[in-house]
Amino acid sequence: MRAHHDMGGLPAGPVEATEHDYLLWEKRVDALMMLLSDRKRQLLRVDQLRRGIEQLGSDAYDRMTYYERWIASITHNMLERGVFTSDELGRKMAEVETRLAAEREPRG
Amino acid sequence: MATKGRRATRAKPARRKPALRAKRVVGAPRVGRTAAPIPSDIAVAFRPGDRVRVRAIYPPGHIRTPHYIRGKSGLIERLCGSFGNPEELAFGRSGAPRQPLYRVRFIQSEVWPDYAGQRHDTVDIEIYQHWLERA
């Protein structure tokens with residue numbers, strides 16, 4: 001059976017041949033991957049990143065943007081390796097959400 | 001003098017380095033894009049010009065052989081070298097033994113039944129040896 005990501009040869013419409021600027025968070029995801037896979041850390045390699053993306057499931061794969069797929073795969077790989085736990089990640093996400101909400105509130 | 005001072009301060013954490021290194025040797029295989037060279041390569045089986053067929057198998061896992069080329073035959077264009085097996089590396093293992101990787105040339109009209117381009121158009125695909133058999 002063909003895996004969902006293995007799309008070579010399928011109809012895909014025209015290629016959009018324009019450059020676009022990357023958002024700050026996208027650059028951060030890219031930097032995160034470079035740091036995790038460097039000689040010193042060796043916590044993740046590109047094959048593991050790809051495997052994680054291929055395992056997202058077809059709905060998520062189609063819905064997510066390029067760097068959303070990256071961060072989803074990086075996260076799963078780090079959970080697998082025990083770099084952090086789901087509980088630690090969940091608490092940190094809640095903390096950041098609270099902080100961002102406070103920053104968004106109008107001042108004065 | 002400043003250099004000496006820096007060396008002196010570095011000497012303290014260096015005391016712990018041998019222990020870390022020893023741990024790495026007996027522990028899990030090294031992973032990362034700069035992992036040490038992997039010994040015991042698989043012997044090279046094909047030469048440029050050899051006709052090969054891509055195995056028509058469909059296992060799950062992280063596979064680098066495109067679905068559309070499985071079962072098709074082509075000619076070995078060149079040996080690219082030997083590399084850790086990505087199917088193993090994808091799961092955090094060492095990728096040993098290294099697999100020969102070839103650039104294989106296929107005739108487009110044999111790959112796509114409704115190919116509308118030139119008759120002699122080709123497509124080159126890099127494929128690991130364990131996916132190839134003599135045709």
# chains A, B, ... in the order shown; residues from 1 in each chain; ligands from 1
>>> residues_around(residues="Arg70 of chain B", least_positions_apart="6", cutoff="12 Å", atoms="only C-alpha atoms", output="list in words")
Met1, Arg2 and Gly8 of chain A; Val52, Arg53, Val54, Arg55, Ala56, Ile57, Tyr58, Pro59, Ile63, Arg64, Phe106, Val111, Ile125, Ile127, Trp131, Leu132 and Glu133 of chain B
>>> write_last_selection(atoms="N, CA and C atoms", output="PDB file, in the first residue's frame")
ATOM      1  N   MET A   1       0.833  -1.198   0.000  1.00  0.00           N
ATOM      2  CA  MET A   1       0.000   0.000   0.000  1.00  0.00           C
ATOM      3  C   MET A   1       0.869   1.249   0.000  1.00  0.00           C
ATOM      4  N   ARG A   2       0.425   2.262  -0.701  1.00  0.00           N
ATOM      5  CA  ARG A   2       1.171   3.519  -0.749  1.00  0.00           C
ATOM      6  C   ARG A   2       0.965   4.286   0.554  1.00  0.00           C
ATOM      7  N   GLY A   8       4.588  10.955  -4.988  1.00  0.00           N
ATOM      8  CA  GLY A   8       5.189  11.114  -6.314  1.00  0.00           C
ATOM      9  C   GLY A   8       4.278  10.592  -7.416  1.00  0.00           C
TER      10      GLY A   8
ATOM     11  N   VAL B  52      18.627  -3.569 -13.334  1.00  0.00           N
ATOM     12  CA  VAL B  52      18.078  -3.972 -12.027  1.00  0.00           C
ATOM     13  C   VAL B  52      16.577  -3.727 -11.986  1.00  0.00           C
ATOM     14  N   ARG B  53      15.911  -4.471 -11.112  1.00  0.00           N
ATOM     15  CA  ARG B  53      14.484  -4.235 -10.865  1.00  0.00           C
ATOM     16  C   ARG B  53      14.326  -3.833  -9.402  1.00  0.00           C
ATOM     17  N   VAL B  54      13.446  -2.844  -9.189  1.00  0.00           N
ATOM     18  CA  VAL B  54      13.172  -2.412  -7.822  1.00  0.00           C
ATOM     19  C   VAL B  54      12.173  -3.386  -7.213  1.00  0.00           C
ATOM     20  N   ARG B  55      12.455  -3.831  -6.018  1.00  0.00           N
ATOM     21  CA  ARG B  55      11.573  -4.812  -5.377  1.00  0.00           C
ATOM     22  C   ARG B  55      10.176  -4.234  -5.181  1.00  0.00           C
ATOM     23  N   ALA B  56       9.178  -5.051  -5.509  1.00  0.00           N
ATOM     24  CA  ALA B  56       7.779  -4.617  -5.364  1.00  0.00           C
ATOM     25  C   ALA B  56       7.259  -5.094  -4.016  1.00  0.00           C
ATOM     26  N   ILE B  57       7.776  -4.483  -2.960  1.00  0.00           N
ATOM     27  CA  ILE B  57       7.322  -4.825  -1.608  1.00  0.00           C
ATOM     28  C   ILE B  57       6.834  -3.553  -0.939  1.00  0.00           C
ATOM     29  N   TYR B  58       5.965  -3.716   0.042  1.00  0.00           N
ATOM     30  CA  TYR B  58       5.277  -2.557   0.617  1.00  0.00           C
ATOM     31  C   TYR B  58       5.256  -2.617   2.148  1.00  0.00           C
ATOM     32  N   PRO B  59       6.428  -2.708   2.763  1.00  0.00           N
ATOM     33  CA  PRO B  59       6.448  -2.798   4.227  1.00  0.00           C
ATOM     34  C   PRO B  59       6.175  -1.432   4.865  1.00  0.00           C
ATOM     35  N   ILE B  63      10.516   4.494   4.586  1.00  0.00           N
ATOM     36  CA  ILE B  63      11.039   3.934   3.343  1.00  0.00           C
ATOM     37  C   ILE B  63      11.418   5.060   2.388  1.00  0.00           C
ATOM     38  N   ARG B  64      12.642   4.973   1.840  1.00  0.00           N
ATOM     39  CA  ARG B  64      13.089   6.023   0.917  1.00  0.00           C
ATOM     40  C   ARG B  64      12.864   5.674  -0.552  1.00  0.00           C
ATOM     41  N   PHE B 106      15.759   5.307 -15.097  1.00  0.00           N
ATOM     42  CA  PHE B 106      14.561   4.665 -15.647  1.00  0.00           C
ATOM     43  C   PHE B 106      14.074   5.465 -16.856  1.00  0.00           C
ATOM     44  N   VAL B 111       7.831   4.120 -16.788  1.00  0.00           N
ATOM     45  CA  VAL B 111       7.391   4.379 -15.415  1.00  0.00           C
ATOM     46  C   VAL B 111       5.927   4.831 -15.399  1.00  0.00           C
ATOM     47  N   ILE B 125      16.768   8.006  -9.924  1.00  0.00           N
ATOM     48  CA  ILE B 125      16.336   7.898  -8.531  1.00  0.00           C
ATOM     49  C   ILE B 125      17.437   7.224  -7.731  1.00  0.00           C
ATOM     50  N   ILE B 127      18.578   4.838  -4.951  1.00  0.00           N
ATOM     51  CA  ILE B 127      17.941   3.687  -4.304  1.00  0.00           C
ATOM     52  C   ILE B 127      18.999   2.836  -3.598  1.00  0.00           C
ATOM     53  N   TRP B 131      16.998  -2.739  -1.951  1.00  0.00           N
ATOM     54  CA  TRP B 131      15.738  -2.604  -2.694  1.00  0.00           C
ATOM     55  C   TRP B 131      15.885  -3.056  -4.149  1.00  0.00           C
ATOM     56  N   LEU B 132      17.084  -3.488  -4.540  1.00  0.00           N
ATOM     57  CA  LEU B 132      17.332  -3.812  -5.951  1.00  0.00           C
ATOM     58  C   LEU B 132      17.637  -5.293  -6.134  1.00  0.00           C
ATOM     59  N   GLU B 133      17.179  -5.837  -7.260  1.00  0.00           N
ATOM     60  CA  GLU B 133      17.573  -7.194  -7.646  1.00  0.00           C
ATOM     61  C   GLU B 133      17.930  -7.184  -9.128  1.00  0.00           C
TER      62      GLU B 133
END
>>> interface_residues(of="chain A", to="chain B", cutoff="10 Å", atoms="only C-alpha atoms", output="ChimeraX atom specification")
/A:1-3,6-10,34,36-55,77,81
>>> write_last_selection(atoms="N, CA and C atoms", output="PDB file, in the first residue's frame")
ATOM      1  N   MET A   1       0.833  -1.198   0.000  1.00  0.00           N
ATOM      2  CA  MET A   1       0.000   0.000   0.000  1.00  0.00           C
ATOM      3  C   MET A   1       0.869   1.249   0.000  1.00  0.00           C
ATOM      4  N   ARG A   2       0.425   2.262  -0.701  1.00  0.00           N
ATOM      5  CA  ARG A   2       1.171   3.519  -0.749  1.00  0.00           C
ATOM      6  C   ARG A   2       0.965   4.286   0.554  1.00  0.00           C
ATOM      7  N   ALA A   3       2.070   4.743   1.147  1.00  0.00           N
ATOM      8  CA  ALA A   3       1.938   5.580   2.342  1.00  0.00           C
ATOM      9  C   ALA A   3       1.470   6.968   1.911  1.00  0.00           C
ATOM     10  N   ASP A   6       3.805   9.558   0.425  1.00  0.00           N
ATOM     11  CA  ASP A   6       4.567   9.105  -0.747  1.00  0.00           C
ATOM     12  C   ASP A   6       3.780   9.454  -2.008  1.00  0.00           C
ATOM     13  N   MET A   7       3.766  10.740  -2.376  1.00  0.00           N
ATOM     14  CA  MET A   7       2.813  11.271  -3.353  1.00  0.00           C
ATOM     15  C   MET A   7       3.352  11.390  -4.770  1.00  0.00           C
ATOM     16  N   GLY A   8       4.588  10.955  -4.988  1.00  0.00           N
ATOM     17  CA  GLY A   8       5.189  11.114  -6.314  1.00  0.00           C
ATOM     18  C   GLY A   8       4.278  10.592  -7.416  1.00  0.00           C
ATOM     19  N   GLY A   9       4.000  11.435  -8.411  1.00  0.00           N
ATOM     20  CA  GLY A   9       3.205  11.008  -9.553  1.00  0.00           C
ATOM     21  C   GLY A   9       1.722  11.258  -9.436  1.00  0.00           C
ATOM     22  N   LEU A  10       1.253  11.642  -8.252  1.00  0.00           N
ATOM     23  CA  LEU A  10      -0.181  11.921  -8.098  1.00  0.00           C
ATOM     24  C   LEU A  10      -0.498  13.341  -8.577  1.00  0.00           C
ATOM     25  N   MET A  34      18.222  22.087  14.101  1.00  0.00           N
ATOM     26  CA  MET A  34      19.681  22.162  13.908  1.00  0.00           C
ATOM     27  C   MET A  34      20.404  21.881  15.230  1.00  0.00           C
ATOM     28  N   LEU A  36      19.209  20.258  17.964  1.00  0.00           N
ATOM     29  CA  LEU A  36      18.983  18.897  18.455  1.00  0.00           C
ATOM     30  C   LEU A  36      19.829  17.878  17.697  1.00  0.00           C
ATOM     31  N   SER A  37      20.125  18.190  16.419  1.00  0.00           N
ATOM     32  CA  SER A  37      20.836  17.200  15.595  1.00  0.00           C
ATOM     33  C   SER A  37      22.326  17.502  15.494  1.00  0.00           C
ATOM     34  N   ASP A  38      22.821  18.498  16.227  1.00  0.00           N
ATOM     35  CA  ASP A  38      24.242  18.832  16.067  1.00  0.00           C
ATOM     36  C   ASP A  38      25.139  17.777  16.737  1.00  0.00           C
ATOM     37  N   ARG A  39      26.418  17.919  16.493  1.00  0.00           N
ATOM     38  CA  ARG A  39      27.395  16.930  16.949  1.00  0.00           C
ATOM     39  C   ARG A  39      27.368  16.753  18.464  1.00  0.00           C
ATOM     40  N   LYS A  40      27.129  17.861  19.150  1.00  0.00           N
ATOM     41  CA  LYS A  40      27.190  17.825  20.611  1.00  0.00           C
ATOM     42  C   LYS A  40      25.983  17.082  21.198  1.00  0.00           C
ATOM     43  N   ARG A  41      24.798  17.359  20.672  1.00  0.00           N
ATOM     44  CA  ARG A  41      23.582  16.810  21.293  1.00  0.00           C
ATOM     45  C   ARG A  41      23.178  15.464  20.700  1.00  0.00           C
ATOM     46  N   GLN A  42      23.134  15.380  19.389  1.00  0.00           N
ATOM     47  CA  GLN A  42      22.760  14.139  18.700  1.00  0.00           C
ATOM     48  C   GLN A  42      21.475  13.524  19.252  1.00  0.00           C
ATOM     49  N   LEU A  43      20.480  14.371  19.454  1.00  0.00           N
ATOM     50  CA  LEU A  43      19.208  13.893  20.001  1.00  0.00           C
ATOM     51  C   LEU A  43      18.205  13.513  18.915  1.00  0.00           C
ATOM     52  N   LEU A  44      18.488  13.916  17.703  1.00  0.00           N
ATOM     53  CA  LEU A  44      17.524  13.691  16.630  1.00  0.00           C
ATOM     54  C   LEU A  44      18.252  13.760  15.299  1.00  0.00           C
ATOM     55  N   ARG A  45      17.903  12.853  14.395  1.00  0.00           N
ATOM     56  CA  ARG A  45      18.457  13.004  13.063  1.00  0.00           C
ATOM     57  C   ARG A  45      17.339  13.089  12.041  1.00  0.00           C
ATOM     58  N   VAL A  46      17.713  13.493  10.840  1.00  0.00           N
ATOM     59  CA  VAL A  46      16.702  13.831   9.839  1.00  0.00           C
ATOM     60  C   VAL A  46      15.798  12.639   9.521  1.00  0.00           C
ATOM     61  N   ASP A  47      16.356  11.427   9.608  1.00  0.00           N
ATOM     62  CA  ASP A  47      15.554  10.223   9.336  1.00  0.00           C
ATOM     63  C   ASP A  47      14.435  10.082  10.368  1.00  0.00           C
ATOM     64  N   GLN A  48      14.761  10.425  11.630  1.00  0.00           N
ATOM     65  CA  GLN A  48      13.748  10.350  12.692  1.00  0.00           C
ATOM     66  C   GLN A  48      12.715  11.455  12.532  1.00  0.00           C
ATOM     67  N   LEU A  49      13.176  12.621  12.104  1.00  0.00           N
ATOM     68  CA  LEU A  49      12.240  13.723  11.831  1.00  0.00           C
ATOM     69  C   LEU A  49      11.250  13.309  10.747  1.00  0.00           C
ATOM     70  N   ARG A  50      11.785  12.731   9.667  1.00  0.00           N
ATOM     71  CA  ARG A  50      10.936  12.300   8.554  1.00  0.00           C
ATOM     72  C   ARG A  50       9.955  11.218   9.010  1.00  0.00           C
ATOM     73  N   ARG A  51      10.453  10.246   9.752  1.00  0.00           N
ATOM     74  CA  ARG A  51       9.597   9.146  10.225  1.00  0.00           C
ATOM     75  C   ARG A  51       8.427   9.713  11.032  1.00  0.00           C
ATOM     76  N   GLY A  52       8.715  10.676  11.901  1.00  0.00           N
ATOM     77  CA  GLY A  52       7.671  11.292  12.715  1.00  0.00           C
ATOM     78  C   GLY A  52       6.633  12.012  11.863  1.00  0.00           C
ATOM     79  N   ILE A  53       7.081  12.652  10.801  1.00  0.00           N
ATOM     80  CA  ILE A  53       6.151  13.356   9.900  1.00  0.00           C
ATOM     81  C   ILE A  53       5.284  12.350   9.165  1.00  0.00           C
ATOM     82  N   GLU A  54       5.908  11.245   8.738  1.00  0.00           N
ATOM     83  CA  GLU A  54       5.155  10.230   7.999  1.00  0.00           C
ATOM     84  C   GLU A  54       4.132   9.529   8.882  1.00  0.00           C
ATOM     85  N   GLN A  55       4.345   9.571  10.189  1.00  0.00           N
ATOM     86  CA  GLN A  55       3.435   8.894  11.124  1.00  0.00           C
ATOM     87  C   GLN A  55       2.324   9.805  11.633  1.00  0.00           C
ATOM     88  N   ASN A  77       9.336  12.858  18.960  1.00  0.00           N
ATOM     89  CA  ASN A  77      10.658  12.243  19.099  1.00  0.00           C
ATOM     90  C   ASN A  77      11.283  12.527  20.465  1.00  0.00           C
ATOM     91  N   ARG A  81      12.265   9.872  23.398  1.00  0.00           N
ATOM     92  CA  ARG A  81      13.622   9.819  23.958  1.00  0.00           C
ATOM     93  C   ARG A  81      13.663  10.148  25.435  1.00  0.00           C
TER      94      ARG A  81
END
>>> residues_around(residues="Tyr22 of chain A", least_positions_apart="5", cutoff="12 Å", atoms="only C-alpha atoms", output="mmCIF file with C-alpha atoms, in the first residue's frame")
data_model
loop_
_atom_site.group_PDB
_atom_site.id
_atom_site.type_symbol
_atom_site.label_atom_id
_atom_site.label_comp_id
_atom_site.auth_asym_id
_atom_site.auth_seq_id
_atom_site.Cartn_x
_atom_site.Cartn_y
_atom_site.Cartn_z
ATOM 1 C CA LYS A 27 12.728 30.003 12.037
ATOM 2 C CA ARG A 28 12.785 28.876 15.658
ATOM 3 C CA VAL A 29 11.581 25.390 14.712
ATOM 4 C CA ASP A 30 14.324 25.187 12.097
ATOM 5 C CA THR A 65 1.927 23.458 7.280
ATOM 6 C CA TYR A 66 5.555 22.490 6.672
ATOM 7 C CA TYR A 67 6.967 23.647 10.008
#
>>> atom_distance(atom1="atom CA of Val44 of chain B", atom2="atom CA of Gln99 of chain B")
8.4 Å
>>> atom_distance(atom1="atom CA of Arg134 of chain B", atom2="atom CA of Arg47 of chain B")
10.9 Å
>>> residues_around(residues="Ser86 of chain A", least_positions_apart="6", cutoff="12 Å", atoms="only C-alpha atoms", output="MDAnalysis selection string")
chainID A and resid 75:80 92:93
>>> write_last_selection(atoms="N, CA and C atoms", output="compact mmCIF listing (two decimals), in the first residue's frame")
# COMPACT_ATOMS: atom_id res chain seq x y z
N THR A 75 8.49 17.06 18.63
CA THR A 75 7.88 16.85 19.94
C THR A 75 7.73 15.36 20.26
N HIS A 76 7.19 14.60 19.31
CA HIS A 76 7.01 13.16 19.54
C HIS A 76 8.34 12.45 19.74
N ASN A 77 9.34 12.86 18.96
CA ASN A 77 10.66 12.24 19.10
C ASN A 77 11.28 12.53 20.46
N MET A 78 11.09 13.76 20.96
CA MET A 78 11.66 14.11 22.27
C MET A 78 10.92 13.39 23.39
N LEU A 79 9.61 13.19 23.23
CA LEU A 79 8.85 12.41 24.21
C LEU A 79 9.36 10.96 24.22
N GLU A 80 9.57 10.42 23.03
CA GLU A 80 10.06 9.04 22.91
C GLU A 80 11.42 8.88 23.57
N LYS A 92 4.14 23.48 30.76
CA LYS A 92 4.82 24.59 30.10
C LYS A 92 3.90 25.27 29.09
N MET A 93 3.12 24.45 28.35
CA MET A 93 2.21 25.03 27.35
C MET A 93 1.16 25.91 28.03
>>> atom_distance(atom1="atom CA of Ile107 of chain B", atom2="atom CA of Val123 of chain B")
6.5 Å
>>> select_by_dssp(residues="segment 25-125 of chain B", states="strand (DSSP E)", output="PyMOL selection string")
chain B and resi 51-54+73-83+99-107+122-125
>>> select_by_dssp(residues="segment 2-83 of chain A", states="helix (DSSP H, G or I)", output="PyMOL selection string")
chain A and resi 24-36+46-54+58-63+66-81
>>> write_last_selection(atoms="C-alpha atoms", output="PDB file, in the first residue's frame")
ATOM      1  CA  LEU A  24       9.653  33.903  13.590  1.00  0.00           C
ATOM      2  CA  TRP A  25       8.270  30.671  15.054  1.00  0.00           C
ATOM      3  CA  GLU A  26       9.117  28.813  11.829  1.00  0.00           C
ATOM      4  CA  LYS A  27      12.728  30.003  12.037  1.00  0.00           C
ATOM      5  CA  ARG A  28      12.785  28.876  15.658  1.00  0.00           C
ATOM      6  CA  VAL A  29      11.581  25.390  14.712  1.00  0.00           C
ATOM      7  CA  ASP A  30      14.324  25.187  12.097  1.00  0.00           C
ATOM      8  CA  ALA A  31      16.920  26.329  14.648  1.00  0.00           C
ATOM      9  CA  LEU A  32      15.603  23.795  17.168  1.00  0.00           C
ATOM     10  CA  MET A  33      16.119  20.977  14.661  1.00  0.00           C
ATOM     11  CA  MET A  34      19.681  22.162  13.908  1.00  0.00           C
ATOM     12  CA  LEU A  35      20.534  22.275  17.624  1.00  0.00           C
ATOM     13  CA  LEU A  36      18.983  18.897  18.455  1.00  0.00           C
ATOM     14  CA  VAL A  46      16.702  13.831   9.839  1.00  0.00           C
ATOM     15  CA  ASP A  47      15.554  10.223   9.336  1.00  0.00           C
ATOM     16  CA  GLN A  48      13.748  10.350  12.692  1.00  0.00           C
ATOM     17  CA  LEU A  49      12.240  13.723  11.831  1.00  0.00           C
ATOM     18  CA  ARG A  50      10.936  12.300   8.554  1.00  0.00           C
ATOM     19  CA  ARG A  51       9.597   9.146  10.225  1.00  0.00           C
ATOM     20  CA  GLY A  52       7.671  11.292  12.715  1.00  0.00           C
ATOM     21  CA  ILE A  53       6.151  13.356   9.900  1.00  0.00           C
ATOM     22  CA  GLU A  54       5.155  10.230   7.999  1.00  0.00           C
ATOM     23  CA  SER A  58      -3.194  11.616   6.623  1.00  0.00           C
ATOM     24  CA  ASP A  59      -5.596  14.210   8.097  1.00  0.00           C
ATOM     25  CA  ALA A  60      -2.912  15.933  10.160  1.00  0.00           C
ATOM     26  CA  TYR A  61      -0.396  15.645   7.333  1.00  0.00           C
ATOM     27  CA  ASP A  62      -2.719  17.480   4.928  1.00  0.00           C
ATOM     28  CA  ARG A  63      -3.903  20.047   7.472  1.00  0.00           C
ATOM     29  CA  TYR A  66       5.555  22.490   6.672  1.00  0.00           C
ATOM     30  CA  TYR A  67       6.967  23.647  10.008  1.00  0.00           C
ATOM     31  CA  GLU A  68       3.888  22.511  11.922  1.00  0.00           C
ATOM     32  CA  ARG A  69       4.762  18.998  10.750  1.00  0.00           C
ATOM     33  CA  TRP A  70       8.352  19.530  11.882  1.00  0.00           C
ATOM     34  CA  ILE A  71       7.465  20.646  15.399  1.00  0.00           C
ATOM     35  CA  ALA A  72       4.891  17.848  15.770  1.00  0.00           C
ATOM     36  CA  SER A  73       7.537  15.276  14.824  1.00  0.00           C
ATOM     37  CA  ILE A  74      10.256  16.880  16.963  1.00  0.00           C
ATOM     38  CA  THR A  75       7.880  16.850  19.943  1.00  0.00           C
ATOM     39  CA  HIS A  76       7.009  13.160  19.536  1.00  0.00           C
ATOM     40  CA  ASN A  77      10.658  12.243  19.099  1.00  0.00           C
ATOM     41  CA  MET A  78      11.662  14.109  22.266  1.00  0.00           C
ATOM     42  CA  LEU A  79       8.849  12.406  24.213  1.00  0.00           C
ATOM     43  CA  GLU A  80      10.064   9.039  22.907  1.00  0.00           C
ATOM     44  CA  ARG A  81      13.622   9.819  23.958  1.00  0.00           C
TER      45      ARG A  81
END
